>>> print(open('model16.txt').read())   # compact mmCIF, C-alpha atoms
# COMPACT_ATOMS: atom_id res chain seq x y z
CA MET A 1 141.63 197.09 93.48
CA ASN A 2 138.60 195.38 91.98
CA VAL A 3 136.77 192.44 93.48
CA LYS A 4 138.14 189.84 91.08
CA THR A 5 141.76 190.87 91.84
CA ASN A 6 141.15 190.64 95.56
CA ASP A 7 139.48 187.27 95.10
CA THR A 8 142.51 185.78 93.35
CA ARG A 9 144.91 186.99 96.05
CA GLN A 10 142.60 185.68 98.78
CA HIS A 11 142.17 182.37 96.94
CA ILE A 12 145.96 181.87 96.78
CA LEU A 13 146.25 182.71 100.51
CA GLU A 14 143.49 180.26 101.47
CA VAL A 15 144.84 177.39 99.37
CA GLY A 16 148.34 178.16 100.71
CA TYR A 17 147.11 178.12 104.30
CA GLU A 18 145.52 174.66 103.91
CA LEU A 19 148.75 173.27 102.41
CA ILE A 20 151.15 174.96 104.84
CA VAL A 21 149.23 174.30 108.07
CA THR A 22 149.63 170.58 107.30
CA LYS A 23 152.97 170.31 105.48
CA GLY A 24 154.89 173.29 106.83
CA PHE A 25 156.40 176.20 104.88
CA THR A 26 159.58 174.70 103.43
CA SER A 27 157.92 171.47 102.25
CA VAL A 28 155.35 173.26 100.10
CA GLY A 29 156.94 174.19 96.77
CA LEU A 30 155.69 177.05 94.63
CA SER A 31 154.73 174.68 91.79
CA GLU A 32 152.57 172.59 94.18
CA LEU A 33 150.86 175.76 95.42
CA LEU A 34 150.19 177.06 91.89
CA LYS A 35 148.87 173.68 90.76
CA THR A 36 146.56 173.27 93.79
CA ALA A 37 145.29 176.85 93.53
CA ASN A 38 145.06 176.52 89.74
CA VAL A 39 146.66 179.91 89.07
CA PRO A 40 149.55 180.78 86.73
CA LYS A 41 152.96 181.81 88.10
CA GLY A 42 152.51 185.37 86.77
CA SER A 43 149.39 185.77 88.86
CA PHE A 44 151.27 184.71 92.01
CA TYR A 45 154.06 187.23 91.39
CA HIS A 46 151.50 189.95 90.70
CA TYR A 47 150.48 189.76 94.37
CA PHE A 48 153.62 188.47 96.11
CA LYS A 49 157.24 189.52 95.57
CA SER A 50 158.60 186.14 96.69
CA LYS A 51 157.64 182.93 98.52
CA GLU A 52 158.75 184.62 101.75
CA HIS A 53 156.50 187.63 101.08
CA PHE A 54 153.67 185.16 100.40
CA GLY A 55 154.41 183.44 103.75
CA GLU A 56 154.36 186.76 105.58
CA SER A 57 151.06 187.75 103.92
CA LEU A 58 149.57 184.34 104.73
CA ILE A 59 150.41 184.74 108.43
CA GLN A 60 149.01 188.31 108.51
CA ASP A 61 145.81 187.19 106.77
CA TYR A 62 145.45 184.24 109.18
CA PHE A 63 145.68 186.48 112.25
CA THR A 64 143.30 189.10 110.79
CA HIS A 65 140.55 186.49 110.59
CA TYR A 66 141.53 184.81 113.86
CA LEU A 67 141.40 188.09 115.80
CA VAL A 68 138.01 189.06 114.33
CA ASN A 69 136.67 185.68 115.48
CA ILE A 70 137.97 185.95 119.02
CA ALA A 71 136.95 189.63 119.36
CA GLU A 72 133.40 188.57 118.51
CA LEU A 73 133.54 185.91 121.21
CA PHE A 74 135.42 187.86 123.88
CA GLU A 75 133.36 191.05 123.51
CA ASN A 76 129.99 189.31 123.47
CA PRO A 77 128.02 191.13 126.22
CA ALA A 78 125.75 188.09 126.72
CA LYS A 79 128.69 186.03 128.06
CA THR A 80 130.82 186.48 131.17
CA GLY A 81 134.60 186.71 130.78
CA TYR A 82 134.89 183.16 132.09
CA GLN A 83 132.30 181.79 129.65
CA SER A 84 133.98 183.55 126.71
CA LEU A 85 137.44 182.20 127.58
CA ILE A 86 136.26 178.65 128.18
CA GLU A 87 134.40 178.68 124.87
CA TYR A 88 137.62 179.86 123.18
CA PHE A 89 139.64 177.04 124.69
CA GLU A 90 136.94 174.50 123.91
CA ARG A 91 137.45 175.48 120.27
CA TRP A 92 141.10 174.35 120.54
CA LEU A 93 139.74 170.87 121.20
CA ASP A 94 137.19 170.99 118.42
CA VAL A 95 138.74 169.48 115.30
CA ASP A 96 135.92 170.80 113.10
CA ASN A 97 136.31 174.35 114.28
CA GLY A 98 138.60 176.00 111.72
CA SER A 99 141.53 178.21 112.54
CA CYS A 100 141.30 178.10 116.36
CA ASN A 101 141.82 174.37 116.86
CA ALA A 102 145.17 172.84 117.79
CA ASN A 103 145.80 171.30 114.37
CA LYS A 104 144.97 174.46 112.44
CA CYS A 105 147.07 176.91 114.46
CA LEU A 106 149.89 178.60 112.54
CA VAL A 107 151.70 179.61 115.75
CA VAL A 108 152.03 175.92 116.66
CA LYS A 109 152.83 174.79 113.13
CA LEU A 110 155.27 177.46 111.98
CA SER A 111 157.01 179.11 114.96
CA ALA A 112 159.87 176.61 115.23
CA GLU A 113 160.30 176.22 111.48
CA VAL A 114 160.29 179.83 110.31
CA SER A 115 161.83 181.70 113.26
CA ASP A 116 165.34 180.66 112.24
CA LEU A 117 164.50 181.04 108.54
CA SER A 118 162.79 184.38 107.92
CA GLU A 119 162.68 187.61 109.93
CA PRO A 120 159.50 188.97 108.27
CA MET A 121 157.65 185.70 108.96
CA ARG A 122 158.95 185.55 112.54
CA LEU A 123 157.77 189.12 113.18
CA ALA A 124 154.36 188.45 111.62
CA LEU A 125 153.91 185.41 113.91
CA ARG A 126 155.14 187.32 116.96
CA ASN A 127 152.82 190.22 116.25
CA GLY A 128 149.87 187.83 115.94
CA ALA A 129 150.73 185.86 119.10
CA ASP A 130 151.09 189.17 120.97
CA LYS A 131 147.60 190.26 119.94
CA ILE A 132 146.08 186.92 120.99
CA ILE A 133 147.75 187.14 124.42
CA THR A 134 146.52 190.75 124.80
CA ALA A 135 142.98 189.69 123.85
CA ILE A 136 143.09 186.86 126.43
CA ALA A 137 144.33 189.29 129.10
CA GLN A 138 141.49 191.74 128.27
CA CYS A 139 138.96 188.93 128.50
CA ILE A 140 140.39 187.96 131.90
CA ASP A 141 139.94 191.62 132.95
CA LYS A 142 136.33 191.45 131.74
CA GLY A 143 135.87 188.32 133.89
CA ILE A 144 137.46 189.99 136.93
CA ALA A 145 135.09 192.95 136.47
CA ASP A 146 131.96 190.76 136.14
CA GLY A 147 133.04 188.52 139.04
CA SER A 148 133.38 185.32 136.98
CA ILE A 149 137.21 185.14 137.15
CA LYS A 150 139.53 185.28 140.17
CA VAL A 151 143.05 186.07 138.96
CA LYS A 152 145.54 188.54 140.45
CA ASP A 153 147.55 189.54 137.37
CA SER A 154 145.64 189.22 134.09
CA ASP A 155 148.71 189.80 131.91
CA LYS A 156 150.82 187.12 133.60
CA ALA A 157 147.90 184.69 133.65
CA ALA A 158 147.23 185.27 129.93
CA HIS A 159 150.87 184.52 129.06
CA GLN A 160 150.98 181.40 131.21
CA ILE A 161 147.68 180.07 129.82
CA TYR A 162 148.75 180.73 126.23
CA TYR A 163 152.12 178.99 126.75
CA VAL A 164 150.52 175.87 128.15
CA TRP A 165 147.95 175.65 125.33
CA VAL A 166 150.63 176.15 122.66
CA GLY A 167 152.86 173.54 124.33
CA ALA A 168 150.03 171.03 124.69
CA SER A 169 149.04 171.62 121.05
CA LEU A 170 152.59 171.00 119.90
CA LEU A 171 152.74 167.75 121.88
CA ASN A 172 149.26 166.87 120.60
CA LYS A 173 150.93 166.60 117.19
CA LEU A 174 153.23 163.92 118.60
CA TYR A 175 150.60 162.07 120.63
CA GLN A 176 147.68 162.47 118.21
CA ASP A 177 145.16 162.28 120.99
CA GLN A 178 143.27 165.01 122.85
CA SER A 179 144.12 164.02 126.43
CA GLY A 180 146.77 166.73 126.92
CA LEU A 181 144.43 169.43 125.65
CA LYS A 182 141.60 168.14 127.86
CA GLN A 183 143.91 168.33 130.88
CA CYS A 184 144.76 171.93 129.90
CA LEU A 185 141.08 172.81 129.78
CA ASP A 186 140.55 171.44 133.31
CA ASN A 187 143.60 173.32 134.60
CA THR A 188 142.60 176.55 132.87
CA LYS A 189 139.17 176.38 134.56
CA LEU A 190 140.84 175.95 137.96
CA LEU A 191 143.31 178.77 137.29
CA LEU A 192 140.58 181.21 136.21
CA LYS A 193 138.58 180.36 139.32
CA GLY A 194 141.66 181.14 141.46
CA GLN A 195 142.04 177.53 142.65
CA MET B 196 181.38 147.15 115.09
CA ASN B 197 184.79 148.73 115.56
CA VAL B 198 185.47 152.07 117.19
CA LYS B 199 186.21 153.95 113.98
CA THR B 200 182.92 152.82 112.43
CA ASN B 201 180.98 153.94 115.48
CA ASP B 202 182.83 157.23 115.43
CA THR B 203 181.82 158.01 111.85
CA ARG B 204 178.14 157.27 112.53
CA GLN B 205 178.24 159.38 115.70
CA HIS B 206 180.05 162.19 113.86
CA ILE B 207 177.31 162.30 111.18
CA LEU B 208 174.63 162.34 113.90
CA GLU B 209 176.30 165.17 115.80
CA VAL B 210 176.88 167.34 112.74
CA GLY B 211 173.30 166.59 111.62
CA TYR B 212 171.93 167.59 115.02
CA GLU B 213 173.68 170.98 114.95
CA LEU B 214 172.32 171.70 111.45
CA ILE B 215 168.78 170.42 112.07
CA VAL B 216 168.21 171.98 115.49
CA THR B 217 168.72 175.37 113.79
CA LYS B 218 167.40 174.92 110.26
CA GLY B 219 164.80 172.17 110.68
CA PHE B 220 164.66 168.78 109.00
CA THR B 221 163.32 169.61 105.52
CA SER B 222 165.62 172.59 104.99
CA VAL B 223 168.80 170.57 105.50
CA GLY B 224 169.65 168.74 102.28
CA LEU B 225 171.72 165.59 102.20
CA SER B 226 174.48 167.30 100.21
CA GLU B 227 174.77 170.08 102.84
CA LEU B 228 175.00 167.45 105.58
CA LEU B 229 177.67 165.43 103.76
CA LYS B 230 179.68 168.56 102.99
CA THR B 231 179.52 169.86 106.58
CA ALA B 232 180.36 166.44 108.05
CA ASN B 233 183.01 165.90 105.38
CA VAL B 234 181.92 162.32 104.64
CA PRO B 235 181.16 160.67 101.28
CA LYS B 236 177.59 159.70 100.32
CA GLY B 237 178.47 155.98 100.49
CA SER B 238 179.46 156.36 104.11
CA PHE B 239 176.11 157.96 104.95
CA TYR B 240 174.19 155.12 103.28
CA HIS B 241 176.34 152.57 105.08
CA TYR B 242 174.75 153.71 108.36
CA PHE B 243 171.37 155.08 107.29
CA LYS B 244 168.86 153.62 104.84
CA SER B 245 167.42 157.03 103.98
CA LYS B 246 167.24 160.64 105.16
CA GLU B 247 164.16 159.66 107.18
CA HIS B 248 166.05 156.81 108.87
CA PHE B 249 168.83 159.28 109.63
CA GLY B 250 166.26 161.67 111.15
CA GLU B 251 164.82 158.89 113.31
CA SER B 252 168.32 157.84 114.47
CA LEU B 253 169.22 161.46 115.20
CA ILE B 254 166.17 161.87 117.45
CA GLN B 255 166.87 158.57 119.25
CA ASP B 256 170.51 159.53 119.80
CA TYR B 257 169.49 162.97 121.08
CA PHE B 258 167.15 161.49 123.70
CA THR B 259 169.65 158.85 124.78
CA HIS B 260 172.10 161.57 125.79
CA TYR B 261 169.40 163.87 127.14
CA LEU B 262 167.96 161.17 129.41
CA VAL B 263 171.39 160.19 130.75
CA ASN B 264 171.97 163.85 131.65
CA ILE B 265 168.67 164.30 133.44
CA ALA B 266 168.91 160.93 135.23
CA GLU B 267 172.25 162.07 136.65
CA LEU B 268 170.62 165.27 137.89
CA PHE B 269 167.30 163.83 139.07
CA GLU B 270 168.81 160.86 140.89
CA ASN B 271 171.55 162.82 142.61
CA PRO B 272 171.12 161.90 146.31
CA ALA B 273 172.78 165.15 147.40
CA LYS B 274 169.87 167.21 146.02
CA THR B 275 166.21 167.31 147.01
CA GLY B 276 163.58 166.65 144.35
CA TYR B 277 162.82 170.37 144.27
CA GLN B 278 166.49 171.34 143.84
CA SER B 279 166.95 168.81 141.03
CA LEU B 280 163.88 170.02 139.12
CA ILE B 281 164.69 173.70 139.48
CA GLU B 282 168.24 173.05 138.26
CA TYR B 283 166.80 171.22 135.25
CA PHE B 284 164.52 174.14 134.38
CA GLU B 285 167.31 176.66 134.96
CA ARG B 286 169.18 174.79 132.21
CA TRP B 287 166.33 175.62 129.79
CA LEU B 288 167.26 179.27 130.33
CA ASP B 289 170.98 178.72 129.98
CA VAL B 290 171.94 179.31 126.36
CA ASP B 291 175.37 177.78 126.87
CA ASN B 292 174.01 174.59 128.34
CA GLY B 293 173.78 172.16 125.43
CA SER B 294 170.82 169.96 124.63
CA CYS B 295 168.55 171.00 127.53
CA ASN B 296 168.16 174.67 126.68
CA ALA B 297 165.15 176.07 124.82
CA ASN B 298 167.02 176.70 121.55
CA LYS B 299 168.61 173.24 121.46
CA CYS B 300 165.51 171.16 122.14
CA LEU B 301 164.45 168.83 119.32
CA VAL B 302 160.92 168.45 120.73
CA VAL B 303 160.41 172.20 120.32
CA LYS B 304 162.18 172.40 116.95
CA LEU B 305 160.84 169.31 115.18
CA SER B 306 157.46 168.28 116.62
CA ALA B 307 155.33 170.50 114.38
CA GLU B 308 157.45 169.95 111.30
CA VAL B 309 157.90 166.18 111.29
CA SER B 310 154.66 164.94 112.88
CA ASP B 311 152.75 165.38 109.63
CA LEU B 312 155.75 164.24 107.56
CA SER B 313 157.16 161.02 109.01
CA GLU B 314 155.64 158.37 111.29
CA PRO B 315 159.01 156.95 112.48
CA MET B 316 160.25 160.43 113.40
CA ARG B 317 156.97 161.33 115.12
CA LEU B 318 157.13 158.12 117.18
CA ALA B 319 160.80 158.70 118.11
CA LEU B 320 159.93 162.21 119.34
CA ARG B 321 156.84 160.97 121.21
CA ASN B 322 158.81 158.20 122.87
CA GLY B 323 161.47 160.71 123.99
CA ALA B 324 158.94 163.28 125.27
CA ASP B 325 157.17 160.47 127.17
CA LYS B 326 160.38 159.51 128.92
CA ILE B 327 161.16 163.12 129.87
CA ILE B 328 157.66 163.58 131.35
CA THR B 329 158.03 160.28 133.27
CA ALA B 330 161.42 161.39 134.61
CA ILE B 331 159.93 164.74 135.74
CA ALA B 332 157.05 162.90 137.47
CA GLN B 333 159.52 160.60 139.27
CA CYS B 334 161.55 163.59 140.40
CA ILE B 335 158.35 165.20 141.71
CA ASP B 336 157.68 161.96 143.63
CA LYS B 337 161.21 162.15 145.04
CA GLY B 338 160.45 165.71 146.16
CA ILE B 339 157.14 164.70 147.72
CA ALA B 340 158.97 161.93 149.62
CA ASP B 341 161.75 164.24 150.88
CA GLY B 342 159.26 167.00 151.76
CA SER B 343 160.63 169.58 149.30
CA ILE B 344 157.63 169.46 146.91
CA LYS B 345 153.91 169.84 147.64
CA VAL B 346 151.93 168.49 144.68
CA LYS B 347 148.88 166.21 144.73
CA ASP B 348 149.24 164.34 141.45
CA SER B 349 152.84 164.05 140.20
CA ASP B 350 151.87 162.70 136.78
CA LYS B 351 149.40 165.50 136.03
CA ALA B 352 151.82 168.12 137.37
CA ALA B 353 154.67 166.74 135.23
CA HIS B 354 152.54 166.93 132.08
CA GLN B 355 151.34 170.45 132.85
CA ILE B 356 154.86 171.69 133.64
CA TYR B 357 156.31 170.13 130.49
CA TYR B 358 153.57 171.63 128.28
CA VAL B 359 154.16 175.12 129.63
CA TRP B 360 157.95 174.88 129.16
CA VAL B 361 157.60 173.55 125.62
CA GLY B 362 155.05 176.27 124.79
CA ALA B 363 157.20 179.03 126.27
CA SER B 364 160.25 177.67 124.40
CA LEU B 365 158.34 177.69 121.13
CA LEU B 366 157.24 181.28 121.71
CA ASN B 367 160.79 182.14 122.81
CA LYS B 368 161.73 181.45 119.18
CA LEU B 369 159.30 184.17 118.11
CA TYR B 370 160.16 186.67 120.83
CA GLN B 371 163.89 186.00 121.05
CA ASP B 372 164.04 187.04 124.67
CA GLN B 373 164.01 185.02 127.87
CA SER B 374 161.15 186.76 129.68
CA GLY B 375 158.59 184.01 128.97
CA LEU B 376 160.96 181.30 130.21
CA LYS B 377 161.77 183.33 133.33
CA GLN B 378 158.07 183.65 134.07
CA CYS B 379 157.75 179.86 133.66
CA LEU B 380 160.54 179.31 136.15
CA ASP B 381 158.77 181.51 138.73
CA ASN B 382 155.46 179.74 138.14
CA THR B 383 157.06 176.28 138.32
CA LYS B 384 158.58 177.15 141.69
CA LEU B 385 155.16 178.22 143.00
CA LEU B 386 153.46 175.12 141.57
CA LEU B 387 156.02 172.74 143.13
CA LYS B 388 155.61 174.49 146.47
CA GLY B 389 151.83 173.95 146.25
CA GLN B 390 151.09 177.69 146.02
>>> encode(input="model16.txt", output="structure tokens")
Amino acid sequence: MNVKTNDTRQHILEVGYELIVTKGFTSVGLSELLKTANVPKGSFYHYFKSKEHFGESLIQDYFTHYLVNIAELFENPAKTGYQSLIEYFERWLDVDNGSCNANKCLVVKLSAEVSDLSEPMRLALRNGADKIITAIAQCIDKGIADGSIKVKDSDKAAHQIYYVWVGASLLNKLYQDQSGLKQCLDNTKLLLKGQ
Amino acid sequence: MNVKTNDTRQHILEVGYELIVTKGFTSVGLSELLKTANVPKGSFYHYFKSKEHFGESLIQDYFTHYLVNIAELFENPAKTGYQSLIEYFERWLDVDNGSCNANKCLVVKLSAEVSDLSEPMRLALRNGADKIITAIAQCIDKGIADGSIKVKDSDKAAHQIYYVWVGASLLNKLYQDQSGLKQCLDNTKLLLKGQ
């Protein structure tokens, strides 16, 4: 595959992400996507078998980038496990941050909509959420090892922390203020310190 | 308004709820709704100005019933605050339970989809979520008063508990198993006991 070909596919995925993370999957029609991305229909079907296959690819592409970003943060040897995790959750509050903030998260935006609609999209989201929870648990383990985190069961704590951040982010869409997420940050700090 | 008129409106709302809580708001077309409810288009527009107005009414009707149900449970003088709350959260796990279980919750299903789509629907959902959180906080206060709950700040605890249940319910849609909700129930018990 040459560079130009890859660029077009990636361009469609990026334009699609910006549309879908705001409007949802069903609301974004193929003609709107093609018009916004400025590509012909033939080009779309060269890369994607269907709108559903496009949605699945979009979710996979989103998590690939997301997981590279958090691996960089979580595995940074200059930071303790606690510092890495708190920086990650501070990004959820940072509206200018890109894919990690509450309003740009595909798990929050799409889980309810697509789970009852498409098995491939549900599995792509589940696979991504799984990897995020595993990465959080490993970062908690790093913090236990370096003495910055006091938690008994890193796997359970990672699940619980992820649930509360996803829930607060979903409600943040209703409330349109950051107070719920700020409360989560305070509680996460206490939880990681074993308080 | 006579009884028959009220019945037709309520029938459209109930059929609409069953469709929308599974498929989402955008995916359910007006023609599908009319066909499933077996009512003519004129009848729909007699009660609802638009599909958005119908969506807003549906959310309001959902919360009216939901709040009556939880008030009955939370204000039951035969149960402690702790017993009432744990029974409420056990209903989230009970797939046969009706509107309180994770798969039947409109906050979980619609928040992400409609918040960027419709202000009246967002506000109806926010208003309902607010009332649920307030009811949980009052039940925590009841439990503090009767000695069954040990929590310092009932309002903060109610928010935190609601976030984690909403988040776990959203992820339950991806995972399609109850393990996350069961973990939430265990953690909620510990939190309410001050552990």
>>> closest_residue(input="model16.txt", among="A:Phe89, A:Phe74, A:Val28, A:Pro40", to="chain B", atoms="all atoms listed in the file")
A:Val28
>>> closest_residue(input="model16.txt", among="A:Gly55, A:Gly147, A:Gly128, A:Gly42", to="chain B", atoms="all atoms listed in the file")
A:Gly128
>>> atom_distance(input="model16.txt", atom1="atom CA of A:Ile133", atom2="atom CA of A:Ala158")
5.8 Å
>>> closest_atom_pairs(input="model16.txt", of="chain B", to="chain A", cutoff="10 Å", atoms="all atoms listed in the file", output="tab-separated table")
residue	atom	partner	partner_atom	distance
B:Val216	CA	A:Ala112	CA	9.5
B:Thr217	CA	A:Asp116	CA	6.5
B:Lys218	CA	A:Asp116	CA	6.4
B:Gly219	CA	A:Glu113	CA	6.1
B:Phe220	CA	A:Glu113	CA	9.0
B:Thr221	CA	A:Ser27	CA	6.6
B:Ser222	CA	A:Thr26	CA	6.6
B:Asn298	CA	A:Ala112	CA	9.5
B:Leu301	CA	A:Ala112	CA	9.9
B:Val302	CA	A:Leu171	CA	8.3
B:Val303	CA	A:Ala112	CA	6.8
B:Lys304	CA	A:Ala112	CA	5.1
B:Leu305	CA	A:Ala112	CA	7.4
B:Ser306	CA	A:Leu174	CA	6.4
B:Ala307	CA	A:Lys109	CA	5.1
B:Glu308	CA	A:Gly24	CA	6.1
B:Val309	CA	A:Lys23	CA	8.7
B:Ser310	CA	A:Lys173	CA	5.9
B:Asp311	CA	A:Lys23	CA	6.4
B:Leu312	CA	A:Lys23	CA	7.0
B:Glu314	CA	A:Leu174	CA	9.5
B:Met316	CA	A:Leu174	CA	9.4
B:Arg317	CA	A:Leu174	CA	5.7
B:Leu318	CA	A:Leu174	CA	7.1
B:Ala319	CA	A:Leu174	CA	9.2
B:Leu320	CA	A:Leu174	CA	7.0
B:Arg321	CA	A:Leu174	CA	5.3
B:Asn322	CA	A:Leu174	CA	9.1
B:Ala324	CA	A:Leu171	CA	8.4
B:Asp325	CA	A:Tyr175	CA	9.4
B:Lys351	CA	A:Gln183	CA	8.0
B:His354	CA	A:Gly180	CA	7.7
B:Gln355	CA	A:Val164	CA	7.2
B:Ile356	CA	A:Val164	CA	8.2
B:Tyr357	CA	A:Gly167	CA	7.8
B:Tyr358	CA	A:Gly167	CA	4.4
B:Val359	CA	A:Val164	CA	4.0
B:Trp360	CA	A:Gly167	CA	7.1
B:Val361	CA	A:Gly167	CA	4.9
B:Gly362	CA	A:Gly167	CA	3.5
B:Ala363	CA	A:Tyr163	CA	5.1
B:Ser364	CA	A:Gly167	CA	8.5
B:Leu365	CA	A:Ala112	CA	6.2
B:Leu366	CA	A:Ser111	CA	7.1
B:Asn367	CA	A:Ser111	CA	9.2
B:Lys368	CA	A:Ser115	CA	5.9
B:Leu369	CA	A:Arg126	CA	5.3
B:Tyr370	CA	A:Arg126	CA	6.4
B:Gln371	CA	A:Ser115	CA	9.1
B:Gly375	CA	A:His159	CA	7.7
B:Leu376	CA	A:Tyr163	CA	9.8
B:Gln378	CA	A:Gln160	CA	8.0
B:Cys379	CA	A:Gln160	CA	7.4
B:Asn382	CA	A:Gln160	CA	8.4
B:Gln390	CA	A:Gln195	CA	9.7
>>> atom_distance(input="model16.txt", atom1="atom CA of B:Phe243", atom2="atom CA of B:Val263")
24.0 Å
>>> atom_distance(input="model16.txt", atom1="atom CA of A:Trp92", atom2="atom CA of A:Lys193")
19.9 Å
>>> residues_near_point(input="model16.txt", point="(162.9, 175.5, 136.6)", cutoff="7 Å", atoms="all atoms listed in the file", output="ChimeraX atom specification")
/B:280-285,380,383-384
>>> write_last_selection(input="model16.txt", atoms="C-alpha atoms", output="PDB file, in the coordinates of the input")
ATOM      1  CA  LEU B 280     163.880 170.020 139.120  1.00  0.00           C
ATOM      2  CA  ILE B 281     164.690 173.700 139.480  1.00  0.00           C
ATOM      3  CA  GLU B 282     168.240 173.050 138.260  1.00  0.00           C
ATOM      4  CA  TYR B 283     166.800 171.220 135.250  1.00  0.00           C
ATOM      5  CA  PHE B 284     164.520 174.140 134.380  1.00  0.00           C
ATOM      6  CA  GLU B 285     167.310 176.660 134.960  1.00  0.00           C
ATOM      7  CA  LEU B 380     160.540 179.310 136.150  1.00  0.00           C
ATOM      8  CA  THR B 383     157.060 176.280 138.320  1.00  0.00           C
ATOM      9  CA  LYS B 384     158.580 177.150 141.690  1.00  0.00           C
TER      10      LYS B 384
END
>>> closest_residue(input="model16.txt", among="B:Tyr277, B:Gln255, B:Leu229, B:His248", to="B:Gln333", atoms="only C-alpha atoms")
B:Tyr277
>>> axis_aligned_box(input="model16.txt", around="stretch 142-151 of chain A", padding_each_side="4 Å", output="JSON")
{"center_x": 137.5, "center_y": 189.0, "center_z": 136.0, "size_x": 19.1, "size_y": 15.8, "size_z": 16.4}
>>> closest_residue(input="model16.txt", among="B:Ile344, B:Leu208, B:Ala297, B:Ala330", to="B:Ser252", atoms="only C-alpha atoms")
B:Leu208
>>> closest_residue(input="model16.txt", among="B:Asp256, B:Glu270, B:Asp381, B:Asp372", to="B:Ile335", atoms="only C-alpha atoms")
B:Glu270
